[in-house]
file input-v6.pdb (PDB, C-alpha atoms)
MODEL        1
ATOM      1  CA  MET T   1       0.000   0.000   0.000
ATOM      2  CA  ARG T   2       2.925   2.339   0.689
ATOM      3  CA  ARG T   3       4.225   1.867  -2.865
ATOM      4  CA  LEU T   4       0.760   2.493  -4.305
ATOM      5  CA  SER T   5       0.585   5.723  -2.333
ATOM      6  CA  GLN T   6       3.994   6.796  -3.674
ATOM      7  CA  ILE T   7       2.966   6.011  -7.242
ATOM      8  CA  GLN T   8      -0.300   7.932  -6.901
ATOM      9  CA  SER T   9       1.348  10.946  -5.307
ATOM     10  CA  SER T  10       3.691  11.254  -8.299
ATOM     11  CA  ASN T  11       0.826  11.437 -10.801
ATOM     12  CA  HIS T  12      -1.904  14.069 -11.016
ATOM     13  CA  GLU T  13      -4.275  11.581 -12.666
ATOM     14  CA  ARG T  14      -5.936   8.828 -10.683
ATOM     15  CA  ILE T  15      -3.975   5.649 -11.315
ATOM     16  CA  ARG T  16      -5.437   2.217 -11.945
ATOM     17  CA  LEU T  17      -3.456  -0.803 -10.792
ATOM     18  CA  LEU T  18      -3.431  -3.357 -13.617
ATOM     19  CA  GLY T  19      -1.101  -5.974 -12.193
ATOM     20  CA  VAL T  20       1.579  -6.784  -9.658
ATOM     21  CA  ILE T  21       4.797  -8.729 -10.036
ATOM     22  CA  GLN T  22       5.778 -10.066  -6.631
ATOM     23  CA  PHE T  23       9.431 -10.374  -5.636
ATOM     24  CA  THR T  24       9.585 -12.276  -2.359
ATOM     25  CA  HIS T  25      12.382 -13.858  -0.338
ATOM     26  CA  ASP T  26      10.673 -17.232  -0.863
ATOM     27  CA  THR T  27      11.071 -16.980  -4.629
ATOM     28  CA  TYR T  28      14.157 -14.795  -5.051
ATOM     29  CA  GLY T  29      16.244 -15.542  -1.958
ATOM     30  CA  GLU T  30      18.243 -12.911  -0.112
ATOM     31  CA  CYS T  31      17.939 -10.071  -2.653
ATOM     32  CA  PRO T  32      14.443  -9.841  -4.128
ATOM     33  CA  THR T  33      14.800  -6.089  -4.655
ATOM     34  CA  TRP T  34      17.754  -6.712  -6.972
ATOM     35  CA  TYR T  35      15.509  -8.867  -9.172
ATOM     36  CA  ALA T  36      12.716  -6.297  -8.982
ATOM     37  CA  ASP T  37      15.082  -3.520 -10.102
ATOM     38  CA  ALA T  38      16.382  -5.665 -12.962
ATOM     39  CA  LYS T  39      12.826  -6.481 -14.107
ATOM     40  CA  GLU T  40      11.853  -2.814 -13.958
ATOM     41  CA  ARG T  41      14.832  -1.872 -16.161
ATOM     42  CA  GLU T  42      13.961  -4.677 -18.583
ATOM     43  CA  LEU T  43      10.355  -3.503 -18.884
ATOM     44  CA  HIS T  44      11.377   0.139 -19.294
ATOM     45  CA  ASN T  45      13.652  -0.884 -22.151
ATOM     46  CA  GLU T  46      10.964  -3.068 -23.728
ATOM     47  CA  PHE T  47       8.370  -0.280 -23.677
ATOM     48  CA  GLU T  48      10.612   2.749 -24.181
ATOM     49  CA  HIS T  49       8.704   3.517 -27.395
ATOM     50  CA  LEU T  50       5.537   4.023 -25.298
ATOM     51  CA  CYS T  51       7.128   6.341 -22.732
ATOM     52  CA  ARG T  52       5.025   9.458 -22.126
ATOM     53  CA  PHE T  53       8.039  11.668 -21.502
ATOM     54  CA  ALA T  54      11.702  11.700 -22.476
ATOM     55  CA  VAL T  55      13.676   8.705 -21.250
ATOM     56  CA  TYR T  56      15.702   9.356 -18.058
ATOM     57  CA  THR T  57      13.456  12.242 -16.998
ATOM     58  CA  ARG T  58      11.120  12.352 -14.020
ATOM     59  CA  GLY T  59       8.029  11.515 -16.109
ATOM     60  CA  ALA T  60       9.669   8.505 -17.745
ATOM     61  CA  GLU T  61       7.895   6.244 -15.248
ATOM     62  CA  TRP T  62       4.654   6.618 -17.191
ATOM     63  CA  PHE T  63       3.692   4.903 -20.430
ATOM     64  CA  ASN T  64       1.029   5.576 -23.031
ATOM     65  CA  PRO T  65      -1.595   2.839 -23.064
ATOM     66  CA  SER T  66      -1.450   0.279 -25.849
ATOM     67  CA  SER T  67      -2.746  -3.218 -26.501
ATOM     68  CA  GLU T  68       0.899  -4.412 -26.594
ATOM     69  CA  LEU T  69       1.476  -3.149 -23.052
ATOM     70  CA  LEU T  70      -1.806  -4.557 -21.728
ATOM     71  CA  VAL T  71      -1.069  -7.993 -23.192
ATOM     72  CA  ARG T  72       2.378  -7.990 -21.576
ATOM     73  CA  ILE T  73       0.891  -7.065 -18.196
ATOM     74  CA  GLU T  74      -1.556  -9.971 -18.509
ATOM     75  CA  GLN T  75       1.364 -12.322 -19.258
ATOM     76  CA  ILE T  76       3.663 -11.404 -16.376
ATOM     77  CA  ALA T  77       1.568  -9.905 -13.584
ATOM     78  CA  THR T  78      -0.958 -11.033 -11.026
ATOM     79  CA  LYS T  79      -4.273  -9.202 -11.036
ATOM     80  CA  PRO T  80      -4.631  -6.951  -7.975
ATOM     81  CA  GLU T  81      -7.910  -8.623  -7.030
ATOM     82  CA  ALA T  82      -6.086 -11.932  -6.565
ATOM     83  CA  LEU T  83      -3.833 -10.216  -4.006
ATOM     84  CA  HIS T  84      -6.705  -8.368  -2.321
ATOM     85  CA  LEU T  85      -5.335  -5.018  -3.486
ATOM     86  CA  PRO T  86      -7.454  -2.091  -4.618
ATOM     87  CA  ILE T  87      -7.572  -1.324  -8.334
ATOM     88  CA  PHE T  88      -7.779   2.400  -7.655
ATOM     89  CA  PHE T  89      -5.880   4.216  -4.966
ATOM     90  CA  PRO T  90      -7.425   7.430  -3.583
ATOM     91  CA  SER T  91      -5.911  10.697  -4.703
ATOM     92  CA  VAL T  92      -4.285  12.746  -1.981
ATOM     93  CA  ALA T  93      -5.391  16.348  -1.454
ATOM     94  CA  LYS T  94      -2.912  19.130  -0.649
ATOM     95  CA  ASN T  95      -3.831  19.126   3.028
ATOM     96  CA  GLY T  96      -3.222  15.390   3.278
ATOM     97  CA  ALA T  97      -6.889  14.402   3.278
ATOM     98  CA  GLU T  98      -7.803  11.654   0.871
ATOM     99  CA  CYS T  99     -10.147  12.260  -2.023
ATOM    100  CA  SER T 100     -11.888   9.568  -4.015
TER
ENDMDL
END

call {"tool": "encode", "arguments": {"input": "input-v6.pdb", "output": "structure tokens"}}
result
Amino acid sequence: MRRLSQIQSSNHERIRLLGVIQFTHDTYGECPTWYADAKERELHNEFEHLCRFAVYTRGAEWFNPSSELLVRIEQIATKPEALHLPIFFPSVAKNGAECS
């Protein structure tokens, strides 16, 4: 939930969670974050052509929607519902109060 909050706070539009790739100690041993970072780099390279903003800039985290991207998410990610995660995360108002 903390990561979802961070992602939402860096985007002025309400985000929709499409899928989650889990990196746990059970699956990846001592350094699951290393594997998560490597996968993130791999996916950024794969979908660089869909990047909303210039590569290596602050907005480079966001991609334009496409059927290619949605198919890839279906292939590699777990649906949020299966993990009991919300699809939408509330926006955060300037005073810290949540808005839906």

call {"tool": "closest_residue", "arguments": {"input": "input-v6.pdb", "among": "T:Ile76, T:Val55, T:Leu4, T:Glu61", "to": "Leu17 (chain T)", "atoms": "only C-alpha atoms"}}
result
T:Leu4

call {"tool": "closest_residue", "arguments": {"input": "input-v6.pdb", "among": "T:Cys31, T:Met1, T:Ala38, T:Leu18", "to": "Val71 (chain T)", "atoms": "all atoms listed in the file"}}
result
T:Leu18

call {"tool": "atom_distance", "arguments": {"input": "input-v6.pdb", "atom1": "CA of Asp37 (chain T)", "atom2": "CA of Glu68 (chain T)"}}
result
21.8 Å

call {"tool": "resolve_selection", "arguments": {"input": "input-v6.pdb", "expression": "the PyMOL selection byres ((chain T and resi 48-51) around 7)", "output": "ChimeraX atom specification"}}
result
/T:44-47,52-53,60,62-64

call {"tool": "closest_residue", "arguments": {"input": "input-v6.pdb", "among": "T:Ile7, T:Ala54, T:Leu43, T:Ala77", "to": "Phe23 (chain T)", "atoms": "all atoms listed in the file"}}
result
T:Ala77

call {"tool": "resolve_selection", "arguments": {"input": "input-v6.pdb", "expression": "the PyMOL selection byres ((chain T and resi 20) around 7)", "output": "list in words"}}
result
Gly19, Ile21, Gln22, Ala77, Thr78, Lys79 and Pro80 of chain T

call {"tool": "atom_distance", "arguments": {"input": "input-v6.pdb", "atom1": "CA of Ala36 (chain T)", "atom2": "CA of Thr24 (chain T)"}}
result
9.5 Å

call {"tool": "resolve_selection", "arguments": {"input": "input-v6.pdb", "expression": "the PyMOL selection byres ((chain T and resi 10) around 12)", "output": "PDB file with C-alpha atoms, in the coordinates of the input"}}
result
ATOM      1  CA  ARG T   3       4.225   1.867  -2.865  1.00  0.00           C
ATOM      2  CA  LEU T   4       0.760   2.493  -4.305  1.00  0.00           C
ATOM      3  CA  SER T   5       0.585   5.723  -2.333  1.00  0.00           C
ATOM      4  CA  GLN T   6       3.994   6.796  -3.674  1.00  0.00           C
ATOM      5  CA  ILE T   7       2.966   6.011  -7.242  1.00  0.00           C
ATOM      6  CA  GLN T   8      -0.300   7.932  -6.901  1.00  0.00           C
ATOM      7  CA  SER T   9       1.348  10.946  -5.307  1.00  0.00           C
ATOM      8  CA  ASN T  11       0.826  11.437 -10.801  1.00  0.00           C
ATOM      9  CA  HIS T  12      -1.904  14.069 -11.016  1.00  0.00           C
ATOM     10  CA  GLU T  13      -4.275  11.581 -12.666  1.00  0.00           C
ATOM     11  CA  ARG T  14      -5.936   8.828 -10.683  1.00  0.00           C
ATOM     12  CA  ILE T  15      -3.975   5.649 -11.315  1.00  0.00           C
ATOM     13  CA  ARG T  58      11.120  12.352 -14.020  1.00  0.00           C
ATOM     14  CA  GLY T  59       8.029  11.515 -16.109  1.00  0.00           C
ATOM     15  CA  ALA T  60       9.669   8.505 -17.745  1.00  0.00           C
ATOM     16  CA  GLU T  61       7.895   6.244 -15.248  1.00  0.00           C
ATOM     17  CA  TRP T  62       4.654   6.618 -17.191  1.00  0.00           C
ATOM     18  CA  SER T  91      -5.911  10.697  -4.703  1.00  0.00           C
ATOM     19  CA  VAL T  92      -4.285  12.746  -1.981  1.00  0.00           C
TER      20      VAL T  92
END

call {"tool": "atom_distance", "arguments": {"input": "input-v6.pdb", "atom1": "CA of Lys39 (chain T)", "atom2": "CA of Tyr56 (chain T)"}}
result
16.6 Å

call {"tool": "axis_aligned_box", "arguments": {"input": "input-v6.pdb", "around": "region 14-29 of chain T", "padding_each_side": "4 Å", "output": "lines of an AutoDock Vina configuration file"}}
result
center_x = 5.2
center_y = -4.2
center_z = -7.0
size_x = 30.2
size_y = 34.1
size_z = 21.3
